[in-house]
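Structure file structure-v6.pdb; described as PDB, C-alpha atoms.
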MODEL        1
ATOM      1  CA  MET F 686     -78.096   3.108  45.615
ATOM      2  CA  ASN F 687     -78.769   2.063  42.060
ATOM      3  CA  GLU F 688     -77.766  -1.204  40.487
ATOM      4  CA  LEU F 689     -74.661   0.039  38.702
ATOM      5  CA  SER F 690     -72.973   1.783  41.604
ATOM      6  CA  PHE F 691     -73.824  -1.140  43.862
ATOM      7  CA  PHE F 692     -72.206  -3.491  41.365
ATOM      8  CA  THR F 693     -69.104  -1.291  41.064
ATOM      9  CA  THR F 694     -68.686  -1.072  44.816
ATOM     10  CA  ILE F 695     -69.013  -4.820  45.250
ATOM     11  CA  VAL F 696     -66.589  -5.528  42.393
ATOM     12  CA  THR F 697     -63.954  -3.118  43.705
ATOM     13  CA  ALA F 698     -64.181  -4.419  47.259
ATOM     14  CA  PHE F 699     -63.970  -8.059  46.232
ATOM     15  CA  SER F 700     -61.162  -7.411  43.731
ATOM     16  CA  VAL F 701     -59.016  -5.936  46.496
ATOM     17  CA  LEU F 702     -59.974  -8.788  48.794
ATOM     18  CA  ALA F 703     -59.257 -11.408  46.119
ATOM     19  CA  MET F 704     -55.833  -9.967  45.389
ATOM     20  CA  GLY F 705     -54.923  -9.904  49.065
ATOM     21  CA  LEU F 706     -56.157 -13.406  49.783
ATOM     22  CA  GLY F 707     -54.887 -14.821  46.508
ATOM     23  CA  VAL F 708     -51.367 -13.642  47.185
ATOM     24  CA  LEU F 709     -51.263 -15.277  50.643
ATOM     25  CA  GLY F 710     -50.719 -18.819  49.411
ATOM     26  CA  PRO F 711     -48.022 -18.054  46.830
ATOM     27  CA  ALA F 712     -46.259 -15.835  49.390
ATOM     28  CA  ILE F 713     -46.019 -18.689  51.880
ATOM     29  CA  ALA F 714     -44.968 -21.110  49.141
ATOM     30  CA  MET F 715     -42.282 -18.760  47.834
ATOM     31  CA  GLY F 716     -40.943 -18.237  51.347
ATOM     32  CA  MET F 717     -40.683 -21.978  51.848
ATOM     33  CA  ALA F 718     -39.001 -22.484  48.490
ATOM     34  CA  VAL F 719     -36.421 -19.769  49.095
ATOM     35  CA  ALA F 720     -35.738 -21.044  52.619
ATOM     36  CA  LYS F 721     -35.121 -24.569  51.329
ATOM     37  CA  ALA F 722     -32.948 -23.273  48.498
ATOM     38  CA  LEU F 723     -30.825 -21.274  50.949
ATOM     39  CA  GLU F 724     -30.460 -24.351  53.137
ATOM     40  CA  ALA F 725     -29.293 -26.350  50.152
ATOM     41  CA  LEU F 726     -26.991 -23.517  49.128
ATOM     42  CA  ALA F 727     -25.411 -23.371  52.597
ATOM     43  CA  ARG F 728     -24.865 -27.119  52.548
ATOM     44  CA  GLN F 729     -23.509 -27.313  48.994
ATOM     45  CA  PRO F 730     -22.270 -23.938  47.773
ATOM     46  CA  GLU F 731     -20.696 -25.602  44.728
ATOM     47  CA  ALA F 732     -24.161 -26.514  43.385
ATOM     48  CA  GLU F 733     -25.176 -22.845  43.251
ATOM     49  CA  LYS F 734     -25.780 -22.755  39.512
ATOM     50  CA  SER F 735     -28.303 -25.556  39.311
ATOM     51  CA  ILE F 736     -29.958 -24.636  42.623
ATOM     52  CA  MET F 737     -30.523 -21.094  41.391
ATOM     53  CA  ARG F 738     -31.899 -22.338  38.083
ATOM     54  CA  TRP F 739     -34.419 -24.697  39.649
ATOM     55  CA  LEU F 740     -35.283 -22.132  42.298
ATOM     56  CA  LEU F 741     -36.144 -19.578  39.621
ATOM     57  CA  ILE F 742     -38.223 -22.100  37.682
ATOM     58  CA  GLY F 743     -40.060 -23.133  40.841
ATOM     59  CA  LEU F 744     -40.649 -19.525  41.818
ATOM     60  CA  ALA F 745     -42.049 -18.849  38.356
ATOM     61  CA  MET F 746     -44.451 -21.766  38.774
ATOM     62  CA  ILE F 747     -45.598 -20.475  42.169
ATOM     63  CA  GLU F 748     -45.764 -16.925  40.933
ATOM     64  CA  SER F 749     -48.093 -17.918  38.130
ATOM     65  CA  LEU F 750     -50.746 -18.650  40.771
ATOM     66  CA  ALA F 751     -50.600 -15.050  41.942
ATOM     67  CA  ILE F 752     -50.614 -13.943  38.316
ATOM     68  CA  TYR F 753     -53.811 -15.920  37.748
ATOM     69  CA  VAL F 754     -55.431 -13.930  40.542
ATOM     70  CA  LEU F 755     -54.171 -10.694  39.005
ATOM     71  CA  VAL F 756     -55.532 -11.592  35.582
ATOM     72  CA  VAL F 757     -58.913 -12.588  36.988
ATOM     73  CA  VAL F 758     -59.076  -9.365  38.992
ATOM     74  CA  LEU F 759     -58.144  -7.314  35.927
ATOM     75  CA  ILE F 760     -60.824  -9.044  33.876
ATOM     76  CA  VAL F 761     -63.435  -8.486  36.584
ATOM     77  CA  LEU F 762     -62.410  -4.838  36.959
ATOM     78  CA  PHE F 763     -62.102  -3.820  33.324
ATOM     79  CA  ARG F 764     -63.789  -6.430  31.142
ATOM     80  CA  SER F 765     -66.629  -7.698  33.237
ATOM     81  CA  PRO F 766     -69.434  -9.171  31.108
ATOM     82  CA  MET F 767     -71.822  -8.221  33.897
ATOM     83  CA  LEU F 768     -70.809  -4.560  33.574
ATOM     84  CA  ASP F 769     -71.485  -4.632  29.841
ATOM     85  CA  TYR F 770     -74.913  -6.063  30.553
ATOM     86  CA  LEU F 771     -75.717  -3.364  33.110
ATOM     87  CA  LEU F 772     -74.462  -0.554  30.858
ATOM     88  CA  HIS F 773     -76.368  -1.612  27.765
ATOM     89  CA  LYS F 774     -79.563  -2.695  29.434
TER      90      LYS F 774
ATOM     91  CA  MET H 231     -52.022   3.168  30.836
ATOM     92  CA  SER H 232     -53.330   0.278  28.829
ATOM     93  CA  ALA H 233     -55.471  -1.309  31.516
ATOM     94  CA  SER H 234     -58.576  -0.726  29.438
ATOM     95  CA  GLY H 235     -56.822  -2.545  26.619
ATOM     96  CA  LEU H 236     -56.940  -6.044  28.035
ATOM     97  CA  LEU H 237     -58.113  -6.980  24.577
ATOM     98  CA  ALA H 238     -56.089  -5.658  21.665
ATOM     99  CA  GLN H 239     -57.420  -2.543  19.964
ATOM    100  CA  PRO H 240     -56.768  -2.123  16.239
ATOM    101  CA  ILE H 241     -54.754   0.959  15.297
ATOM    102  CA  LEU H 242     -54.705   0.389  11.560
ATOM    103  CA  ARG H 243     -57.215  -1.055   9.141
ATOM    104  CA  ILE H 244     -56.379  -2.329   5.683
ATOM    105  CA  GLY H 245     -59.748  -3.307   4.262
ATOM    106  CA  SER H 246     -61.192  -5.798   6.717
ATOM    107  CA  PHE H 247     -57.727  -6.638   8.053
ATOM    108  CA  ALA H 248     -57.174  -4.976  11.433
ATOM    109  CA  VAL H 249     -53.647  -4.476  12.758
ATOM    110  CA  SER H 250     -53.387  -4.160  16.537
ATOM    111  CA  GLU H 251     -50.715  -2.084  18.216
ATOM    112  CA  SER H 252     -48.966  -5.108  19.665
ATOM    113  CA  ALA H 253     -48.842  -6.811  16.259
ATOM    114  CA  ALA H 254     -47.284  -3.697  14.717
ATOM    115  CA  THR H 255     -44.749  -3.394  17.561
ATOM    116  CA  ALA H 256     -43.922  -7.094  17.416
ATOM    117  CA  THR H 257     -43.404  -7.004  13.654
ATOM    118  CA  GLY H 258     -41.261  -3.895  13.925
ATOM    119  CA  LEU H 259     -39.209  -5.532  16.657
ATOM    120  CA  THR H 260     -38.750  -8.680  14.578
ATOM    121  CA  ILE H 261     -37.519  -6.639  11.617
ATOM    122  CA  ALA H 262     -35.218  -4.592  13.851
ATOM    123  CA  LEU H 263     -33.731  -7.682  15.526
ATOM    124  CA  ALA H 264     -33.291  -9.527  12.221
ATOM    125  CA  GLY H 265     -31.701  -6.439  10.695
ATOM    126  CA  ALA H 266     -29.359  -6.021  13.648
ATOM    127  CA  ALA H 267     -28.421  -9.689  13.458
ATOM    128  CA  ALA H 268     -27.731  -9.459   9.713
ATOM    129  CA  TRP H 269     -25.708  -6.278  10.238
ATOM    130  CA  ALA H 270     -23.675  -7.863  13.044
ATOM    131  CA  ARG H 271     -23.204 -11.045  11.011
ATOM    132  CA  SER H 272     -21.585  -9.161   8.150
ATOM    133  CA  ARG H 273     -19.201  -7.360  10.477
ATOM    134  CA  LEU H 274     -17.909 -10.219  12.604
ATOM    135  CA  ARG H 275     -14.140 -10.287  12.774
ATOM    136  CA  LEU H 276     -11.996 -13.199  13.847
ATOM    137  CA  ARG H 277      -9.072 -10.978  14.739
ATOM    138  CA  ASP H 278      -9.225  -7.824  16.837
ATOM    139  CA  PRO H 279     -12.995  -8.005  17.573
ATOM    140  CA  ALA H 280     -14.944  -4.847  18.309
ATOM    141  CA  GLY H 281     -16.512  -4.228  21.713
ATOM    142  CA  TRP H 282     -20.026  -5.141  20.642
ATOM    143  CA  GLN H 283     -18.781  -8.407  19.183
ATOM    144  CA  VAL H 284     -17.332  -9.425  22.546
ATOM    145  CA  VAL H 285     -20.655  -8.647  24.236
ATOM    146  CA  LEU H 286     -22.575 -10.644  21.616
ATOM    147  CA  GLU H 287     -20.191 -13.565  21.946
ATOM    148  CA  LEU H 288     -20.635 -13.522  25.711
ATOM    149  CA  ALA H 289     -24.434 -13.623  25.313
ATOM    150  CA  VAL H 290     -24.338 -16.399  22.727
ATOM    151  CA  GLN H 291     -21.874 -18.387  24.811
ATOM    152  CA  SER H 292     -23.981 -18.188  27.970
ATOM    153  CA  ILE H 293     -27.123 -19.220  26.039
ATOM    154  CA  ASP H 294     -25.199 -22.063  24.454
ATOM    155  CA  SER H 295     -23.836 -23.362  27.758
ATOM    156  CA  THR H 296     -27.265 -23.203  29.426
ATOM    157  CA  VAL H 297     -28.862 -25.178  26.586
ATOM    158  CA  ARG H 298     -26.011 -27.675  26.651
ATOM    159  CA  ASP H 299     -26.449 -28.196  30.399
ATOM    160  CA  SER H 300     -30.125 -29.085  29.989
ATOM    161  CA  ILE H 301     -29.997 -31.133  26.784
ATOM    162  CA  PRO H 302     -27.002 -33.435  26.558
ATOM    163  CA  LYS H 303     -28.223 -35.051  23.328
ATOM    164  CA  ALA H 304     -28.082 -32.834  20.194
ATOM    165  CA  PRO H 305     -28.344 -29.403  21.889
ATOM    166  CA  GLU H 306     -27.554 -27.550  18.649
ATOM    167  CA  ARG H 307     -31.018 -28.435  17.314
ATOM    168  CA  VAL H 308     -32.813 -26.700  20.186
ATOM    169  CA  LEU H 309     -30.374 -23.796  20.522
ATOM    170  CA  PRO H 310     -31.856 -21.599  17.733
ATOM    171  CA  LEU H 311     -35.405 -21.806  19.079
ATOM    172  CA  VAL H 312     -34.624 -21.211  22.750
ATOM    173  CA  GLY H 313     -32.022 -18.559  21.972
ATOM    174  CA  THR H 314     -34.495 -16.727  19.764
ATOM    175  CA  LEU H 315     -37.178 -16.932  22.445
ATOM    176  CA  TRP H 316     -34.804 -15.482  25.014
ATOM    177  CA  ILE H 317     -33.560 -12.601  22.886
ATOM    178  CA  TYR H 318     -36.935 -11.794  21.374
ATOM    179  CA  ILE H 319     -38.868 -11.809  24.662
ATOM    180  CA  LEU H 320     -36.161  -9.799  26.403
ATOM    181  CA  PHE H 321     -36.326  -7.051  23.790
ATOM    182  CA  ALA H 322     -40.117  -7.276  23.556
ATOM    183  CA  ASN H 323     -40.311  -6.690  27.315
ATOM    184  CA  LEU H 324     -37.822  -3.829  27.160
ATOM    185  CA  VAL H 325     -39.694  -2.063  24.336
ATOM    186  CA  GLY H 326     -42.269  -1.055  26.962
ATOM    187  CA  LEU H 327     -39.667   1.256  28.533
ATOM    188  CA  ILE H 328     -39.556   3.435  25.409
ATOM    189  CA  PRO H 329     -42.083   6.276  25.791
ATOM    190  CA  GLY H 330     -45.076   5.910  23.496
ATOM    191  CA  LEU H 331     -44.620   2.192  22.972
ATOM    192  CA  HIS H 332     -46.132  -0.726  24.850
ATOM    193  CA  SER H 333     -44.591  -4.136  25.320
ATOM    194  CA  PRO H 334     -45.984  -6.560  22.754
ATOM    195  CA  THR H 335     -45.716  -9.171  25.518
ATOM    196  CA  GLY H 336     -48.372  -7.213  27.429
ATOM    197  CA  ASP H 337     -50.873  -8.602  24.920
ATOM    198  CA  LEU H 338     -52.307 -12.053  25.519
ATOM    199  CA  SER H 339     -52.356 -12.792  21.783
ATOM    200  CA  VAL H 340     -48.584 -12.340  21.474
ATOM    201  CA  THR H 341     -47.728 -14.412  24.546
ATOM    202  CA  GLY H 342     -50.281 -16.999  23.425
ATOM    203  CA  ALA H 343     -48.520 -17.255  20.072
ATOM    204  CA  LEU H 344     -45.147 -17.662  21.784
ATOM    205  CA  ALA H 345     -46.549 -20.343  24.082
ATOM    206  CA  ALA H 346     -48.104 -22.103  21.072
ATOM    207  CA  ILE H 347     -44.659 -22.249  19.449
ATOM    208  CA  VAL H 348     -43.338 -23.992  22.552
ATOM    209  CA  PHE H 349     -46.389 -26.286  22.617
ATOM    210  CA  PHE H 350     -45.685 -27.524  19.086
ATOM    211  CA  ALA H 351     -41.916 -27.550  19.549
ATOM    212  CA  VAL H 352     -42.137 -30.173  22.310
ATOM    213  CA  PRO H 353     -43.547 -32.984  20.109
ATOM    214  CA  TYR H 354     -41.431 -31.826  17.153
ATOM    215  CA  TYR H 355     -38.133 -32.189  18.987
ATOM    216  CA  GLY H 356     -39.404 -35.192  20.915
ATOM    217  CA  VAL H 357     -40.312 -37.089  17.746
ATOM    218  CA  ARG H 358     -37.084 -36.088  16.052
ATOM    219  CA  ALA H 359     -35.064 -37.342  19.001
ATOM    220  CA  GLU H 360     -36.915 -40.547  19.794
ATOM    221  CA  GLY H 361     -39.235 -41.388  16.895
ATOM    222  CA  TRP H 362     -43.027 -41.503  16.882
ATOM    223  CA  VAL H 363     -43.501 -44.733  18.814
ATOM    224  CA  ALA H 364     -41.158 -43.896  21.673
ATOM    225  CA  TYR H 365     -42.539 -40.366  21.955
ATOM    226  CA  LEU H 366     -46.183 -41.443  21.966
ATOM    227  CA  ARG H 367     -45.449 -44.209  24.433
ATOM    228  CA  GLU H 368     -44.405 -41.500  26.885
ATOM    229  CA  TYR H 369     -48.062 -40.522  27.191
ATOM    230  CA  PHE H 370     -49.045 -43.963  28.454
ATOM    231  CA  THR H 371     -46.421 -44.267  31.172
ATOM    232  CA  PRO H 372     -46.367 -45.265  33.961
ATOM    233  CA  MET H 373     -49.947 -46.523  33.448
ATOM    234  CA  PHE H 374     -52.060 -46.390  30.292
ATOM    235  CA  TRP H 375     -54.841 -44.422  32.032
ATOM    236  CA  MET H 376     -52.370 -41.609  32.715
ATOM    237  CA  PHE H 377     -52.892 -40.452  29.120
ATOM    238  CA  PRO H 378     -55.548 -37.756  29.846
ATOM    239  CA  PHE H 379     -53.420 -36.357  32.656
ATOM    240  CA  HIS H 380     -50.396 -36.049  30.380
ATOM    241  CA  VAL H 381     -52.489 -34.251  27.769
ATOM    242  CA  MET H 382     -54.026 -31.985  30.394
ATOM    243  CA  SER H 383     -50.624 -31.102  31.836
ATOM    244  CA  GLU H 384     -49.314 -30.164  28.380
ATOM    245  CA  LEU H 385     -52.318 -27.910  27.750
ATOM    246  CA  THR H 386     -52.280 -26.222  31.153
ATOM    247  CA  ARG H 387     -48.560 -25.562  31.102
ATOM    248  CA  THR H 388     -48.937 -23.881  27.719
ATOM    249  CA  LEU H 389     -51.698 -21.718  29.143
ATOM    250  CA  THR H 390     -49.560 -20.925  32.189
ATOM    251  CA  LEU H 391     -46.631 -19.956  29.994
ATOM    252  CA  ALA H 392     -48.769 -17.458  28.094
ATOM    253  CA  VAL H 393     -50.637 -16.053  31.079
ATOM    254  CA  ARG H 394     -47.513 -15.685  33.235
ATOM    255  CA  LEU H 395     -45.674 -13.478  30.769
ATOM    256  CA  PHE H 396     -48.825 -11.506  29.935
ATOM    257  CA  GLY H 397     -49.785 -11.028  33.596
ATOM    258  CA  ASN H 398     -46.333  -9.918  34.661
ATOM    259  CA  MET H 399     -45.955  -7.395  31.875
ATOM    260  CA  THR H 400     -49.509  -6.034  32.126
ATOM    261  CA  GLY H 401     -49.319  -5.895  35.912
ATOM    262  CA  MET H 402     -46.069  -3.956  35.780
ATOM    263  CA  GLU H 403     -47.453  -1.514  33.231
ATOM    264  CA  VAL H 404     -50.639  -0.957  35.243
ATOM    265  CA  ALA H 405     -48.621  -0.467  38.440
ATOM    266  CA  ILE H 406     -46.408   2.154  36.786
ATOM    267  CA  GLY H 407     -49.473   3.838  35.285
ATOM    268  CA  ILE H 408     -51.219   4.063  38.646
ATOM    269  CA  LEU H 409     -48.036   5.352  40.277
ATOM    270  CA  LEU H 410     -47.792   8.041  37.615
ATOM    271  CA  LEU H 411     -51.288   9.199  38.578
ATOM    272  CA  LEU H 412     -50.363   9.300  42.275
ATOM    273  CA  ALA H 413     -46.893  10.840  42.103
ATOM    274  CA  GLY H 414     -45.629  11.790  38.698
ATOM    275  CA  PHE H 415     -42.205  13.151  39.643
ATOM    276  CA  LEU H 416     -39.210  10.783  40.026
ATOM    277  CA  VAL H 417     -41.164   8.193  42.031
ATOM    278  CA  PRO H 418     -41.929   5.946  39.010
ATOM    279  CA  VAL H 419     -38.197   5.790  38.229
ATOM    280  CA  ALA H 420     -37.725   3.161  40.935
ATOM    281  CA  PHE H 421     -40.547   1.156  39.373
ATOM    282  CA  LEU H 422     -38.960   1.508  35.944
ATOM    283  CA  PHE H 423     -35.847  -0.165  37.353
ATOM    284  CA  LEU H 424     -38.119  -2.894  38.694
ATOM    285  CA  HIS H 425     -39.599  -3.160  35.197
ATOM    286  CA  LEU H 426     -36.074  -3.673  33.850
ATOM    287  CA  ILE H 427     -35.382  -6.517  36.287
ATOM    288  CA  GLU H 428     -38.811  -8.002  35.628
ATOM    289  CA  ALA H 429     -38.196  -7.938  31.872
ATOM    290  CA  LEU H 430     -34.899  -9.791  32.270
ATOM    291  CA  LEU H 431     -36.327 -12.312  34.726
ATOM    292  CA  GLN H 432     -39.468 -13.075  32.737
ATOM    293  CA  ALA H 433     -37.531 -13.547  29.503
ATOM    294  CA  TYR H 434     -35.140 -15.895  31.327
ATOM    295  CA  ILE H 435     -37.979 -17.855  32.905
ATOM    296  CA  PHE H 436     -39.943 -18.203  29.669
ATOM    297  CA  GLY H 437     -36.924 -19.511  27.765
ATOM    298  CA  MET H 438     -35.865 -21.716  30.651
ATOM    299  CA  LEU H 439     -39.298 -23.309  30.970
ATOM    300  CA  ALA H 440     -39.447 -23.863  27.204
ATOM    301  CA  LEU H 441     -36.035 -25.506  27.453
ATOM    302  CA  VAL H 442     -37.140 -27.726  30.330
ATOM    303  CA  TYR H 443     -40.330 -28.777  28.526
ATOM    304  CA  ILE H 444     -38.458 -29.568  25.310
ATOM    305  CA  ALA H 445     -35.803 -31.458  27.248
ATOM    306  CA  GLY H 446     -38.570 -33.410  28.976
ATOM    307  CA  GLY H 447     -40.062 -34.358  25.616
ATOM    308  CA  MET H 448     -36.673 -35.302  24.167
ATOM    309  CA  GLN H 449     -34.892 -37.276  26.788
ATOM    310  CA  ALA H 450     -37.402 -38.671  29.254
ATOM    311  CA  LEU H 451     -37.120 -42.041  27.569
ATOM    312  CA  ALA H 452     -33.339 -41.941  27.303
ATOM    313  CA  ASP H 453     -33.097 -41.253  31.021
ATOM    314  CA  ARG H 454     -35.233 -44.215  31.920
ATOM    315  CA  GLU H 455     -33.276 -46.514  29.625
ATOM    316  CA  GLN H 456     -30.113 -45.393  31.358
ATOM    317  CA  GLN H 457     -31.607 -46.100  34.772
ATOM    318  CA  THR H 458     -32.946 -49.561  33.959
ATOM    319  CA  GLY H 459     -29.750 -50.365  32.104
ATOM    320  CA  GLY H 460     -27.797 -49.347  35.181
ATOM    321  CA  THR H 461     -29.770 -51.621  37.514
ATOM    322  CA  ARG H 462     -29.503 -54.559  35.129
ATOM    323  CA  ARG H 463     -25.762 -54.383  34.913
TER     324      ARG H 463
ENDMDL
END
Could you write out this file's structure as structure tokens?
Amino acid sequence: MNELSFFTTIVTAFSVLAMGLGVLGPAIAMGMAVAKALEALARQPEAEKSIMRWLLIGLAMIESLAIYVLVVVLIVLFRSPMLDYLLHK
Amino acid sequence: MSASGLLAQPILRIGSFAVSESAATATGLTIALAGAAAWARSRLRLRDPAGWQVVLELAVQSIDSTVRDSIPKAPERVLPLVGTLWIYILFANLVGLIPGLHSPTGDLSVTGALAAIVFFAVPYYGVRAEGWVAYLREYFTPMFWMFPFHVMSELTRTLTLAVRLFGNMTGMEVAIGILLLLAGFLVPVAFLFLHLIEALLQAYIFGMLALVYIAGGMQALADREQQTGGTRR
């Protein structure tokens, strides 16, 4: 196996792995946030508006962690400096 | 599929000045939105309003009430900026649904520019609301050595703002592109609906976070004065 195909295989495998592992944490966090928000909603239905607003903001914050993983994976897959080096060697 | 275009590719060159696709789309969108606004402005009627006027009034009213909820002090100053962010990002996200066009928000340069506007808007509104001294003092509370952490949090949240919008839009576009390769017939339609929801949600979140940051810069001091005043009395 030459250097380039070895590199591509490794990158693909680890990108998939990184996405899967990177999404684990935000998934747990989002589940906890939604559970707490529903608890609060059941206790005080009249506060729905502000609960929903802060829930969405919090979810966006948590989601950005998963988005970081996505962006890093996209960079590694499509814009890897290492790949450029191997191609133009 | 624009996955290979993580960095903007120029589509037009005027001398040494390169115009990327997202810049062209964004400029076109700005002109279209401004034109639509000017057109609607000249046709507003106080009596017997048309259907579109009712819809516009509903949108403006809901934006207005949301801004008013977050910023009790002088909300009309912040309203134009946040309202523009909401409307512009919503339409910029939706442009990606038109065949042949890509969302300008799928380009990191565009979202970076939008986040930079928010970054500079926070001190602008903060200083206008509280004055230089009170605003700068915020950075040294509760302890003076908290200053680097405040600065770092401002920088990272600007970066997050840009990367979140960019990542969501690019991710959605890549997902639809890959799905088109796998099953081209009718299957991507479900994902296009998801794209619609995502566009709405991301525009809402971007504007909402900008609003929260600006409100934090404007009224953090006022809140604390209220609290200490309350305990003294």
Would you write out, as a compact mmCIF listing (two decimals) with C-alpha atoms, in the coordinates of the input, every residue that the ChimeraX specification (/F :<10) & /H captures in this file?
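Final output, saved to part.txt:
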# COMPACT_ATOMS: atom_id res chain seq x y z
CA ALA H 233 -55.47 -1.31 31.52
CA SER H 234 -58.58 -0.73 29.44
CA GLY H 235 -56.82 -2.54 26.62
CA LEU H 236 -56.94 -6.04 28.04
CA LEU H 237 -58.11 -6.98 24.58
CA THR H 296 -27.26 -23.20 29.43
CA ASP H 299 -26.45 -28.20 30.40
CA ARG H 387 -48.56 -25.56 31.10
CA THR H 390 -49.56 -20.92 32.19
CA LEU H 391 -46.63 -19.96 29.99
CA VAL H 393 -50.64 -16.05 31.08
CA ARG H 394 -47.51 -15.68 33.24
CA LEU H 395 -45.67 -13.48 30.77
CA PHE H 396 -48.82 -11.51 29.94
CA GLY H 397 -49.78 -11.03 33.60
CA ASN H 398 -46.33 -9.92 34.66
CA THR H 400 -49.51 -6.03 32.13
CA GLY H 401 -49.32 -5.90 35.91
CA VAL H 404 -50.64 -0.96 35.24
CA LEU H 431 -36.33 -12.31 34.73
CA GLN H 432 -39.47 -13.08 32.74
CA TYR H 434 -35.14 -15.90 31.33
CA ILE H 435 -37.98 -17.86 32.90
CA PHE H 436 -39.94 -18.20 29.67
CA MET H 438 -35.86 -21.72 30.65
CA LEU H 439 -39.30 -23.31 30.97
CA VAL H 442 -37.14 -27.73 30.33
* Non-local contacts of Leu424 in chain H (12 Å; only C-alpha atoms; under 4 positions in same chain excluded) as an MDAnalysis selection string -> chainID H and resid 324 327 398:399 401:403 405:406 417:420 428:432
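Note that CA of Ala256 in chain H and CA of Leu344 in chain H are 11.5 Å apart.
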* State, in Å with one decimal place, the distance from CA of Gly336 in chain H to CA of Tyr318 in chain H. => 13.7 Å
* Asked: Do you know which residues the PyMOL selection byres ((chain F and resi 694-707) around 8) returns on this file, as a PyMOL selection string?
  -> chain F and resi 690-693+708-711+751+754-755+758+761-762
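Atom pair CA of Tyr770 in chain F / CA of Leu689 in chain F: separated by 10.2 Å.
Each of H:Pro353, H:Gly437, H:Pro378, H:Pro305 was checked against Tyr365 in chain H using all atoms listed in the file; the smallest atom-to-atom distance is that of H:Pro353.
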Would you compute the box with edges along x, y and z of the file around range 712-723 of chain F, including every atom the file lists for it and 6 Å extra on each side, and give its centre and edge lengths in Å to one decimal, as AutoDock Vina command-line options?
--center_x -38.5 --center_y -20.2 --center_z 50.2 --size_x 27.4 --size_y 20.7 --size_z 16.8
* Structure fact -> Among H:Pro372, H:Pro240, H:Pro329, H:Gly356, Lys303 in chain H is approached most closely, using all atoms listed in the file, by H:Gly356
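Run against this file, the PyMOL selection byres ((chain H and resi 388) around 9) gives back Gly342, Ala345, Ala346, Val348, Phe349, Ser383, Glu384, Leu385, Thr386, Arg387, Leu389, Thr390, Leu391, Ala392 and Val393 of chain H.
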Could range 414-424 of chain H be completed with N, CA, C and O atoms and written as a PDB file, keeping the file's coordinate frame, please?
ATOM      1  N   GLY H 414     -46.210  11.837  40.027  1.00  0.00           N
ATOM      2  CA  GLY H 414     -45.629  11.790  38.698  1.00  0.00           C
ATOM      3  C   GLY H 414     -44.139  12.054  38.659  1.00  0.00           C
ATOM      4  O   GLY H 414     -43.473  11.725  37.689  1.00  0.00           O
ATOM      5  N   PHE H 415     -43.576  12.653  39.723  1.00  0.00           N
ATOM      6  CA  PHE H 415     -42.205  13.151  39.643  1.00  0.00           C
ATOM      7  C   PHE H 415     -41.227  12.194  40.322  1.00  0.00           C
ATOM      8  O   PHE H 415     -41.305  11.972  41.535  1.00  0.00           O
ATOM      9  N   LEU H 416     -40.334  11.609  39.552  1.00  0.00           N
ATOM     10  CA  LEU H 416     -39.210  10.783  40.026  1.00  0.00           C
ATOM     11  C   LEU H 416     -39.591   9.479  40.724  1.00  0.00           C
ATOM     12  O   LEU H 416     -38.811   8.544  40.740  1.00  0.00           O
ATOM     13  N   VAL H 417     -40.804   9.420  41.312  1.00  0.00           N
ATOM     14  CA  VAL H 417     -41.164   8.193  42.031  1.00  0.00           C
ATOM     15  C   VAL H 417     -41.242   6.983  41.097  1.00  0.00           C
ATOM     16  O   VAL H 417     -40.758   5.907  41.446  1.00  0.00           O
ATOM     17  N   PRO H 418     -41.840   7.135  39.880  1.00  0.00           N
ATOM     18  CA  PRO H 418     -41.929   5.946  39.010  1.00  0.00           C
ATOM     19  C   PRO H 418     -40.576   5.433  38.538  1.00  0.00           C
ATOM     20  O   PRO H 418     -40.509   4.338  38.002  1.00  0.00           O
ATOM     21  N   VAL H 419     -39.509   6.226  38.719  1.00  0.00           N
ATOM     22  CA  VAL H 419     -38.197   5.790  38.229  1.00  0.00           C
ATOM     23  C   VAL H 419     -37.786   4.482  38.900  1.00  0.00           C
ATOM     24  O   VAL H 419     -37.283   3.554  38.247  1.00  0.00           O
ATOM     25  N   ALA H 420     -38.044   4.400  40.220  1.00  0.00           N
ATOM     26  CA  ALA H 420     -37.725   3.161  40.935  1.00  0.00           C
ATOM     27  C   ALA H 420     -38.477   1.992  40.324  1.00  0.00           C
ATOM     28  O   ALA H 420     -37.923   0.901  40.146  1.00  0.00           O
ATOM     29  N   PHE H 421     -39.745   2.237  39.958  1.00  0.00           N
ATOM     30  CA  PHE H 421     -40.547   1.156  39.373  1.00  0.00           C
ATOM     31  C   PHE H 421     -40.067   0.809  37.973  1.00  0.00           C
ATOM     32  O   PHE H 421     -40.196  -0.329  37.532  1.00  0.00           O
ATOM     33  N   LEU H 422     -39.502   1.802  37.266  1.00  0.00           N
ATOM     34  CA  LEU H 422     -38.960   1.508  35.944  1.00  0.00           C
ATOM     35  C   LEU H 422     -37.762   0.582  36.060  1.00  0.00           C
ATOM     36  O   LEU H 422     -37.569  -0.323  35.241  1.00  0.00           O
ATOM     37  N   PHE H 423     -36.957   0.765  37.123  1.00  0.00           N
ATOM     38  CA  PHE H 423     -35.847  -0.165  37.353  1.00  0.00           C
ATOM     39  C   PHE H 423     -36.382  -1.562  37.628  1.00  0.00           C
ATOM     40  O   PHE H 423     -35.851  -2.558  37.156  1.00  0.00           O
ATOM     41  N   LEU H 424     -37.474  -1.609  38.403  1.00  0.00           N
ATOM     42  CA  LEU H 424     -38.119  -2.894  38.694  1.00  0.00           C
ATOM     43  C   LEU H 424     -38.611  -3.533  37.394  1.00  0.00           C
ATOM     44  O   LEU H 424     -38.502  -4.743  37.199  1.00  0.00           O
TER      45      LEU H 424
END
